[in-house]
file run_3.cif (mmCIF, C-alpha atoms)
data_upload
#
loop_
_atom_site.label_atom_id
_atom_site.label_comp_id
_atom_site.auth_asym_id
_atom_site.auth_seq_id
_atom_site.Cartn_x
_atom_site.Cartn_y
_atom_site.Cartn_z
CA MET A 1 95.44 -19.13 -100.93
CA VAL A 2 97.17 -17.24 -103.68
CA ILE A 3 96.72 -13.73 -105.05
CA VAL A 4 96.73 -12.97 -108.72
CA LEU A 5 97.83 -9.79 -110.43
CA LEU A 6 97.17 -9.32 -114.08
CA VAL A 7 98.96 -6.61 -116.01
CA VAL A 8 98.22 -5.81 -119.64
CA THR A 9 101.30 -4.88 -121.62
CA ALA A 10 99.50 -3.87 -124.82
CA ALA A 11 97.02 -1.07 -125.38
CA LEU A 12 93.42 -2.27 -125.51
CA PRO A 13 91.43 0.74 -126.76
CA SER A 14 88.14 -1.13 -127.29
CA ALA A 15 88.36 -3.28 -124.18
CA GLY A 16 89.66 -1.04 -121.44
CA PRO A 17 88.49 -1.16 -117.83
CA ARG A 18 85.78 1.46 -118.41
CA ALA A 19 84.41 -0.17 -121.58
CA GLN A 20 80.77 -1.31 -121.77
CA TRP A 21 79.43 -4.27 -123.78
CA LYS A 22 77.20 -3.64 -126.80
CA THR A 23 76.20 -7.32 -127.06
CA ARG A 24 74.92 -9.15 -123.99
CA TRP A 25 76.66 -12.33 -122.84
CA SER A 26 76.41 -14.55 -119.77
CA TYR A 27 78.18 -17.25 -117.78
CA GLU A 28 75.81 -20.07 -118.78
CA GLY A 29 73.44 -21.27 -121.47
CA ALA A 30 73.22 -20.10 -125.08
CA SER A 31 75.25 -16.96 -124.36
CA GLY A 32 77.74 -18.67 -122.01
CA PRO A 33 81.54 -18.88 -122.33
CA GLU A 34 81.58 -21.61 -124.99
CA HIS A 35 79.47 -19.34 -127.24
CA TRP A 36 81.06 -15.92 -126.55
CA GLY A 37 83.05 -15.94 -129.79
CA ASP A 38 79.87 -16.38 -131.83
CA LEU A 39 77.81 -13.62 -130.18
CA ASP A 40 79.59 -10.63 -131.74
CA PRO A 41 82.48 -10.24 -134.22
CA ASP A 42 84.24 -8.12 -131.57
CA TYR A 43 84.31 -11.21 -129.32
CA ALA A 44 86.14 -13.41 -131.86
CA ALA A 45 89.23 -13.74 -129.65
CA CYS A 46 87.12 -15.65 -127.12
CA LYS A 47 86.92 -18.45 -129.72
CA VAL A 48 90.11 -18.25 -131.80
CA GLY A 49 92.61 -16.72 -129.38
CA LYS A 50 95.62 -18.84 -128.40
CA GLU A 51 96.66 -16.93 -125.25
CA GLN A 52 93.40 -16.87 -123.31
CA SER A 53 92.76 -16.49 -119.58
CA PRO A 54 92.22 -17.67 -116.93
CA ILE A 55 94.50 -20.70 -116.68
CA ASP A 56 95.38 -23.36 -114.15
CA ILE A 57 98.87 -22.41 -112.89
CA ARG A 58 100.97 -25.54 -112.29
CA LYS A 59 104.64 -25.03 -113.16
CA ALA A 60 106.81 -21.94 -113.08
CA LYS A 61 110.38 -20.99 -113.98
CA LYS A 62 112.21 -18.77 -111.47
CA VAL A 63 113.64 -15.64 -113.13
CA GLU A 64 114.49 -12.01 -112.34
CA LEU A 65 111.29 -9.95 -112.61
CA PRO A 66 110.48 -6.27 -111.90
CA ALA A 67 108.99 -5.36 -108.53
CA ILE A 68 105.38 -4.25 -108.23
CA ARG A 69 104.17 -1.49 -105.93
CA PHE A 70 100.79 0.00 -104.97
CA GLU A 71 99.95 3.56 -103.93
CA TYR A 72 96.25 3.38 -103.01
CA LYS A 73 94.22 5.77 -100.85
CA SER A 74 90.68 6.32 -99.55
CA GLY A 75 88.13 7.79 -101.94
CA PRO A 76 84.39 8.04 -102.68
CA LEU A 77 82.52 4.72 -102.91
CA LYS A 78 80.78 4.38 -106.27
CA ILE A 79 79.28 0.90 -106.56
CA ILE A 80 77.16 -1.02 -109.09
CA ASN A 81 75.63 -4.44 -109.70
CA ASN A 82 76.16 -4.56 -113.48
CA GLY A 83 74.36 -7.83 -114.16
CA TYR A 84 77.60 -9.82 -114.35
CA THR A 85 78.89 -9.35 -110.80
CA ALA A 86 77.19 -8.10 -107.63
CA VAL A 87 79.90 -5.62 -106.63
CA ARG A 88 81.85 -3.37 -108.96
CA VAL A 89 83.49 -0.20 -107.58
CA ASN A 90 84.28 2.48 -110.16
CA TYR A 91 86.89 5.26 -110.17
CA ALA A 92 87.01 8.47 -112.21
CA PRO A 93 90.17 9.44 -114.14
CA GLY A 94 92.70 11.30 -112.04
CA ASN A 95 91.79 9.51 -108.80
CA GLY A 96 95.47 8.97 -107.92
CA ASN A 97 95.29 5.27 -106.95
CA LEU A 98 98.38 3.90 -108.64
CA LEU A 99 100.04 0.60 -109.52
CA PHE A 100 103.74 0.55 -110.46
CA VAL A 101 105.31 -2.36 -112.37
CA GLY A 102 109.00 -1.62 -112.81
CA ASP A 103 109.01 1.86 -114.37
CA GLN A 104 105.44 1.62 -115.73
CA ARG A 105 102.62 3.46 -113.94
CA TYR A 106 98.91 2.58 -114.06
CA GLU A 107 95.85 4.22 -112.44
CA LEU A 108 92.99 2.27 -110.84
CA THR A 109 89.74 2.39 -112.87
CA GLN A 110 87.52 -0.19 -111.14
CA PHE A 111 87.48 -3.43 -109.19
CA HIS A 112 84.98 -6.27 -109.04
CA PHE A 113 84.51 -9.83 -107.76
CA HIS A 114 83.89 -13.37 -109.05
CA HIS A 115 82.60 -16.51 -107.30
CA PRO A 116 84.40 -18.89 -107.23
CA SER A 117 87.83 -17.79 -108.48
CA GLU A 118 88.42 -17.77 -112.23
CA GLU A 119 92.08 -18.69 -111.67
CA SER A 120 93.21 -21.98 -110.15
CA ILE A 121 96.53 -23.17 -108.72
CA HIS A 122 97.53 -26.81 -109.28
CA GLY A 123 93.95 -27.57 -110.27
CA LYS A 124 92.40 -25.90 -107.23
CA PRO A 125 90.06 -22.89 -107.54
CA TYR A 126 89.54 -20.58 -104.57
CA ASP A 127 86.37 -19.31 -102.91
CA MET A 128 86.37 -15.92 -104.68
CA VAL A 129 88.59 -13.49 -106.54
CA ALA A 130 88.79 -9.69 -106.72
CA HIS A 131 89.97 -8.14 -109.99
CA LEU A 132 91.38 -4.59 -109.70
CA MET A 133 91.72 -2.98 -113.13
CA HIS A 134 94.06 -0.12 -114.10
CA GLU A 135 95.04 1.92 -117.14
CA SER A 136 98.22 3.80 -118.05
CA SER A 137 98.44 7.24 -119.65
CA ASP A 138 99.22 5.63 -123.02
CA GLY A 139 96.21 3.32 -122.93
CA LYS A 140 97.77 0.13 -121.62
CA VAL A 141 95.59 -1.79 -119.18
CA ALA A 142 96.74 -3.44 -115.96
CA GLY A 143 94.73 -5.61 -113.64
CA VAL A 144 95.29 -7.10 -110.20
CA ALA A 145 93.41 -10.26 -109.32
CA VAL A 146 93.34 -11.22 -105.65
CA LEU A 147 92.30 -14.78 -104.89
CA LEU A 148 90.26 -15.06 -101.68
CA LYS A 149 89.89 -18.03 -99.35
CA ALA A 150 87.30 -18.48 -96.60
CA GLY A 151 88.84 -17.60 -93.25
CA ARG A 152 88.96 -14.42 -91.18
CA ALA A 153 86.65 -11.50 -91.93
CA ASN A 154 88.00 -8.83 -94.29
CA ALA A 155 87.11 -5.28 -93.22
CA ILE A 156 86.97 -3.72 -96.69
CA ILE A 157 84.81 -6.56 -98.02
CA GLN A 158 82.47 -6.15 -95.05
CA GLN A 159 82.18 -2.45 -95.91
CA LEU A 160 81.43 -3.21 -99.56
CA TRP A 161 78.94 -5.97 -98.77
CA GLU A 162 76.97 -3.58 -96.55
CA HIS A 163 76.26 -1.54 -99.70
CA MET A 164 76.08 -4.45 -102.18
CA PRO A 165 73.23 -3.83 -104.68
CA LYS A 166 70.88 -6.82 -104.69
CA THR A 167 69.72 -6.29 -108.29
CA PRO A 168 71.36 -4.93 -111.46
CA GLY A 169 71.01 -1.17 -111.88
CA LYS A 170 72.80 2.15 -112.19
CA GLU A 171 75.97 3.11 -110.35
CA GLU A 172 75.33 4.48 -106.86
CA LEU A 173 77.47 7.04 -105.02
CA ILE A 174 77.23 6.04 -101.35
CA ALA A 175 76.87 9.26 -99.34
CA GLY A 176 79.47 9.65 -96.61
CA ALA A 177 81.27 6.40 -97.49
CA GLU A 178 84.89 6.07 -98.60
CA VAL A 179 86.80 2.94 -99.62
CA ASN A 180 90.53 2.18 -99.59
CA PRO A 181 91.43 -0.76 -101.88
CA THR A 182 94.68 -1.29 -99.98
CA GLY A 183 92.67 -3.56 -97.71
CA LEU A 184 92.40 -6.11 -100.52
CA LEU A 185 96.17 -6.42 -100.94
CA PRO A 186 98.85 -8.52 -99.20
CA ARG A 187 102.16 -7.14 -97.94
CA ASP A 188 104.22 -9.65 -99.90
CA THR A 189 104.05 -8.95 -103.64
CA SER A 190 106.20 -11.81 -104.97
CA TYR A 191 104.44 -13.43 -107.90
CA TYR A 192 104.08 -15.80 -110.84
CA THR A 193 103.53 -14.33 -114.33
CA TYR A 194 102.35 -15.46 -117.78
CA THR A 195 100.89 -13.89 -120.93
CA GLY A 196 97.11 -14.11 -121.33
CA SER A 197 93.89 -12.21 -122.02
CA LEU A 198 90.91 -10.47 -120.48
CA THR A 199 88.66 -13.09 -118.87
CA ALA A 200 85.37 -11.68 -120.26
CA PRO A 201 84.30 -10.54 -123.75
CA PRO A 202 85.96 -9.34 -125.91
CA CYS A 203 88.71 -11.62 -124.45
CA THR A 204 91.44 -9.30 -125.80
CA GLU A 205 94.93 -10.80 -125.64
CA GLY A 206 98.17 -9.05 -124.72
CA VAL A 207 97.71 -9.41 -120.96
CA THR A 208 100.44 -10.36 -118.48
CA TRP A 209 99.16 -12.00 -115.31
CA PHE A 210 101.00 -11.60 -112.01
CA VAL A 211 100.03 -14.17 -109.35
CA LEU A 212 101.05 -13.19 -105.82
CA ARG A 213 102.05 -15.98 -103.47
CA THR A 214 100.54 -14.44 -100.30
CA PRO A 215 96.95 -15.32 -99.27
CA MET A 216 94.07 -13.04 -98.31
CA ASP A 217 91.03 -14.11 -96.28
CA ILE A 218 87.31 -13.55 -96.65
CA TYR A 219 84.68 -14.59 -94.11
CA ALA A 220 82.66 -17.64 -95.20
CA GLY A 221 79.41 -15.78 -94.63
CA GLN A 222 80.56 -13.05 -97.01
CA VAL A 223 81.20 -15.68 -99.68
CA SER A 224 77.71 -17.11 -99.17
CA GLU A 225 76.07 -13.69 -99.37
CA PHE A 226 77.72 -12.97 -102.72
CA ALA A 227 77.02 -16.47 -104.05
CA ALA A 228 73.32 -16.05 -103.31
CA LEU A 229 73.26 -13.39 -106.05
CA TYR A 230 75.91 -14.77 -108.43
CA PRO A 231 76.48 -18.50 -107.82
CA ARG A 232 79.07 -18.85 -110.61
CA ASP A 233 80.23 -15.74 -112.47
CA VAL A 234 83.44 -17.27 -113.87
CA ARG A 235 85.00 -18.23 -117.19
CA PRO A 236 86.45 -21.78 -117.23
CA VAL A 237 90.25 -22.15 -117.32
CA GLN A 238 91.74 -22.02 -120.81
CA PRO A 239 94.46 -24.14 -122.51
CA LEU A 240 98.02 -23.04 -121.83
CA ASN A 241 99.07 -23.73 -125.45
CA GLY A 242 102.77 -23.88 -124.61
CA ARG A 243 102.94 -20.62 -122.66
CA ILE A 244 105.59 -20.35 -119.94
CA VAL A 245 104.69 -19.38 -116.40
CA LYS A 246 107.49 -17.46 -114.63
CA GLU A 247 108.10 -16.92 -110.91
CA SER A 248 109.87 -14.01 -109.25
CA GLN A 249 112.93 -14.89 -107.18
#
call {"tool": "encode", "arguments": {"input": "run_3.cif", "output": "structure tokens"}}
result
Amino acid sequence: MVIVLLVVTAALPSAGPRAQWKTRWSYEGASGPEHWGDLDPDYAACKVGKEQSPIDIRKAKKVELPAIRFEYKSGPLKIINNGYTAVRVNYAPGNGNLLFVGDQRYELTQFHFHHPSEESIHGKPYDMVAHLMHESSDGKVAGVAVLLKAGRANAIIQQLWEHMPKTPGKEELIAGAEVNPTGLLPRDTSYYTYTGSLTAPPCTEGVTWFVLRTPMDIYAGQVSEFAALYPRDVRPVQPLNGRIVKESQ
């Protein structure tokens, strides 16, 4: 299994991690991915963009790349089923959970899950993926996507699944519960990287993906429990259109 980090290098004021959608969309049918660009003028990039995500990562060029570093900590568990994914955990500004990419600093805003993975490696998708989204003080967005493969149980996922809302609704603050997103991360943060976009409307481009080479496990039963609510909450892989995938040395 592989872990994916996505980091946005351009400011996305209308599509940041805390943004809400004014026009409903879905993962299938008349409002599914092939129609996103026609649902709302703000979603035009979903149709006409040339650097869209996710992609199937196949080839990479080894180059010198900046290191990435996480400073996460335990904090209140605020969770929601937003109608697109069964588990989204939100963070208020100033929470102090930080991602560093070279000399750039980003703060965690929320994380959520997809089944199966939106990203694939050499044509292979994984059982699930967690996307951890961040924002810098100047409005740039950074995301970390962690691909998950069925294997050993993951303690933080078990904690989250115990409070997983079964139906869409309002955000819930779980009394007495704290969550530390460090449990979703590997120790080895070597990665692949390419330029791309957000993977849901408005599909804003200007995103740099970082794909970590170290796997993380999730218990098969945890995958099944999530899939019972959201069998396929993923956008299909998008054309590479000549983009170069790089790999840290």
call {"tool": "resolve_selection", "arguments": {"input": "run_3.cif", "expression": "the PyMOL selection byres ((chain A and resi 114-130) around 6)", "output": "ChimeraX atom specification"}}
result
/A:54-58,112-113,131,145-149,232-234
call {"tool": "residues_around", "arguments": {"input": "run_3.cif", "residues": "A:Ile174", "least_positions_apart": "6", "cutoff": "12 Å", "atoms": "all atoms listed in the file", "output": "ChimeraX atom specification"}}
result
/A:75-80,89-90,159-160,162-165
call {"tool": "closest_residue", "arguments": {"input": "run_3.cif", "among": "A:Leu65, A:Leu98, A:Ala92, A:Ala228", "to": "A:Phe210", "atoms": "all atoms listed in the file"}}
result
A:Leu65
call {"tool": "axis_aligned_box", "arguments": {"input": "run_3.cif", "around": "stretch 164-183 of chain A", "padding_each_side": "8 Å", "output": "JSON"}}
result
{"center_x": 82.2, "center_y": 1.4, "center_z": -104.4, "size_x": 41.0, "size_y": 32.5, "size_z": 31.6}
call {"tool": "closest_residue", "arguments": {"input": "run_3.cif", "among": "A:Gly206, A:Glu107, A:Tyr219, A:Lys166", "to": "A:Asp138", "atoms": "all atoms listed in the file"}}
result
A:Glu107
call {"tool": "atom_distance", "arguments": {"input": "run_3.cif", "atom1": "atom CA of A:Tyr27", "atom2": "atom CA of A:Gln222"}}
result
21.3 Å
call {"tool": "resolve_selection", "arguments": {"input": "run_3.cif", "expression": "the PyMOL selection byres ((chain A and resi 241) around 10)", "output": "ChimeraX atom specification"}}
result
/A:50-52,238-240,242-244
call {"tool": "atom_distance", "arguments": {"input": "run_3.cif", "atom1": "atom CA of A:Tyr106", "atom2": "atom CA of A:Ala175"}}
result
27.3 Å
call {"tool": "resolve_selection", "arguments": {"input": "run_3.cif", "expression": "the PyMOL selection byres ((chain A and resi 249) around 8)", "output": "ChimeraX atom specification"}}
result
/A:62-65,190,247-248
call {"tool": "closest_residue", "arguments": {"input": "run_3.cif", "among": "A:Thr208, A:Thr109, A:Asn97, A:Thr167", "to": "A:Lys73", "atoms": "all atoms listed in the file"}}
result
A:Asn97
call {"tool": "atom_distance", "arguments": {"input": "run_3.cif", "atom1": "atom CA of A:Lys61", "atom2": "atom CA of A:Val211"}}
result
13.2 Å
call {"tool": "closest_residue", "arguments": {"input": "run_3.cif", "among": "A:Glu205, A:Glu225, A:Asp217, A:Glu172", "to": "A:Gly49", "atoms": "all atoms listed in the file"}}
result
A:Glu205
call {"tool": "closest_residue", "arguments": {"input": "run_3.cif", "among": "A:Ser137, A:Gln158, A:Thr23, A:Gln104", "to": "A:Pro66", "atoms": "all atoms listed in the file"}}
result
A:Gln104
call {"tool": "residues_near_point", "arguments": {"input": "run_3.cif", "point": "(87.0, -12.2, -120.6)", "cutoff": "9 Å", "atoms": "all atoms listed in the file", "output": "JSON list (two decimals) with C-alpha atoms, in the coordinates of the input"}}
result
[["chain", "number", "residue", "atom", "x", "y", "z"],
["A", 33, "PRO", "CA", 81.54, -18.88, -122.33],
["A", 46, "CYS", "CA", 87.12, -15.65, -127.12],
["A", 52, "GLN", "CA", 93.40, -16.87, -123.31],
["A", 53, "SER", "CA", 92.76, -16.49, -119.58],
["A", 54, "PRO", "CA", 92.22, -17.67, -116.93],
["A", 197, "SER", "CA", 93.89, -12.21, -122.02],
["A", 198, "LEU", "CA", 90.91, -10.47, -120.48],
["A", 199, "THR", "CA", 88.66, -13.09, -118.87],
["A", 200, "ALA", "CA", 85.37, -11.68, -120.26],
["A", 201, "PRO", "CA", 84.30, -10.54, -123.75],
["A", 202, "PRO", "CA", 85.96, -9.34, -125.91],
["A", 203, "CYS", "CA", 88.71, -11.62, -124.45],
["A", 204, "THR", "CA", 91.44, -9.30, -125.80],
["A", 235, "ARG", "CA", 85.00, -18.23, -117.19]]
call {"tool": "closest_residue", "arguments": {"input": "run_3.cif", "among": "A:Val179, A:Val207, A:Leu39, A:Ala227", "to": "A:Ala86", "atoms": "only C-alpha atoms"}}
result
A:Ala227
call {"tool": "build_atoms", "arguments": {"input": "run_3.cif", "residues": "stretch 92-103 of chain A", "atoms": "all heavy atoms", "output": "mmCIF file, in the frame of the given file"}}
result
data_model
loop_
_atom_site.group_PDB
_atom_site.id
_atom_site.type_symbol
_atom_site.label_atom_id
_atom_site.label_comp_id
_atom_site.auth_asym_id
_atom_site.auth_seq_id
_atom_site.Cartn_x
_atom_site.Cartn_y
_atom_site.Cartn_z
ATOM 1 N N ALA A 92 86.885 7.483 -111.144
ATOM 2 C CA ALA A 92 87.010 8.470 -112.210
ATOM 3 C C ALA A 92 88.476 8.683 -112.555
ATOM 4 O O ALA A 92 89.360 8.462 -111.721
ATOM 5 C CB ALA A 92 86.373 9.788 -111.776
ATOM 6 N N PRO A 93 88.783 9.119 -113.784
ATOM 7 C CA PRO A 93 90.170 9.440 -114.140
ATOM 8 C C PRO A 93 90.749 10.493 -113.211
ATOM 9 O O PRO A 93 90.044 11.396 -112.743
ATOM 10 C CB PRO A 93 90.031 9.974 -115.575
ATOM 11 C CG PRO A 93 88.778 9.366 -116.101
ATOM 12 C CD PRO A 93 87.847 9.288 -114.919
ATOM 13 N N GLY A 94 92.037 10.361 -112.917
ATOM 14 C CA GLY A 94 92.700 11.300 -112.040
ATOM 15 C C GLY A 94 92.503 11.043 -110.568
ATOM 16 O O GLY A 94 92.757 11.916 -109.740
ATOM 17 N N ASN A 95 92.060 9.817 -110.213
ATOM 18 C CA ASN A 95 91.790 9.510 -108.800
ATOM 19 C C ASN A 95 93.051 9.294 -107.982
ATOM 20 O O ASN A 95 93.005 9.327 -106.758
ATOM 21 C CB ASN A 95 90.882 8.273 -108.697
ATOM 22 C CG ASN A 95 91.518 7.021 -109.297
ATOM 23 O OD1 ASN A 95 92.347 6.367 -108.683
ATOM 24 N ND2 ASN A 95 91.116 6.684 -110.523
ATOM 25 N N GLY A 96 94.199 9.049 -108.627
ATOM 26 C CA GLY A 96 95.470 8.970 -107.920
ATOM 27 C C GLY A 96 95.769 7.662 -107.224
ATOM 28 O O GLY A 96 96.757 7.576 -106.492
ATOM 29 N N ASN A 97 94.970 6.610 -107.455
ATOM 30 C CA ASN A 97 95.290 5.270 -106.950
ATOM 31 C C ASN A 97 96.153 4.571 -107.985
ATOM 32 O O ASN A 97 95.682 4.285 -109.093
ATOM 33 C CB ASN A 97 94.004 4.476 -106.700
ATOM 34 C CG ASN A 97 93.244 4.967 -105.498
ATOM 35 O OD1 ASN A 97 93.530 4.613 -104.373
ATOM 36 N ND2 ASN A 97 92.253 5.832 -105.752
ATOM 37 N N LEU A 98 97.400 4.299 -107.640
ATOM 38 C CA LEU A 98 98.380 3.900 -108.640
ATOM 39 C C LEU A 98 98.990 2.528 -108.389
ATOM 40 O O LEU A 98 99.173 2.105 -107.240
ATOM 41 C CB LEU A 98 99.509 4.936 -108.685
ATOM 42 C CG LEU A 98 99.075 6.372 -108.982
ATOM 43 C CD1 LEU A 98 100.274 7.308 -108.884
ATOM 44 C CD2 LEU A 98 98.402 6.484 -110.341
ATOM 45 N N LEU A 99 99.291 1.855 -109.497
ATOM 46 C CA LEU A 99 100.040 0.600 -109.520
ATOM 47 C C LEU A 99 101.309 0.834 -110.322
ATOM 48 O O LEU A 99 101.252 1.385 -111.428
ATOM 49 C CB LEU A 99 99.205 -0.511 -110.160
ATOM 50 C CG LEU A 99 99.959 -1.766 -110.616
ATOM 51 C CD1 LEU A 99 100.491 -2.553 -109.419
ATOM 52 C CD2 LEU A 99 99.054 -2.648 -111.485
ATOM 53 N N PHE A 100 102.468 0.432 -109.769
ATOM 54 C CA PHE A 100 103.740 0.550 -110.460
ATOM 55 C C PHE A 100 104.297 -0.851 -110.724
ATOM 56 O O PHE A 100 104.373 -1.675 -109.813
ATOM 57 C CB PHE A 100 104.745 1.343 -109.627
ATOM 58 C CG PHE A 100 104.337 2.778 -109.403
ATOM 59 C CD1 PHE A 100 103.541 3.127 -108.324
ATOM 60 C CD2 PHE A 100 104.761 3.772 -110.275
ATOM 61 C CE1 PHE A 100 103.163 4.443 -108.112
ATOM 62 C CE2 PHE A 100 104.391 5.096 -110.068
ATOM 63 C CZ PHE A 100 103.592 5.430 -108.990
ATOM 64 N N VAL A 101 104.654 -1.108 -111.979
ATOM 65 C CA VAL A 101 105.310 -2.360 -112.370
ATOM 66 C C VAL A 101 106.620 -1.978 -113.025
ATOM 67 O O VAL A 101 106.633 -1.500 -114.152
ATOM 68 C CB VAL A 101 104.448 -3.198 -113.323
ATOM 69 C CG1 VAL A 101 105.140 -4.521 -113.642
ATOM 70 C CG2 VAL A 101 103.063 -3.444 -112.751
ATOM 71 N N GLY A 102 107.745 -2.153 -112.310
ATOM 72 C CA GLY A 102 109.000 -1.620 -112.810
ATOM 73 C C GLY A 102 108.878 -0.112 -112.943
ATOM 74 O O GLY A 102 108.500 0.577 -111.998
ATOM 75 N N ASP A 103 109.123 0.421 -114.151
ATOM 76 C CA ASP A 103 109.010 1.860 -114.370
ATOM 77 C C ASP A 103 107.700 2.263 -115.033
ATOM 78 O O ASP A 103 107.519 3.408 -115.443
ATOM 79 C CB ASP A 103 110.193 2.375 -115.201
ATOM 80 C CG ASP A 103 110.292 1.677 -116.553
ATOM 81 O OD1 ASP A 103 109.439 0.811 -116.845
ATOM 82 O OD2 ASP A 103 111.223 1.998 -117.311
#
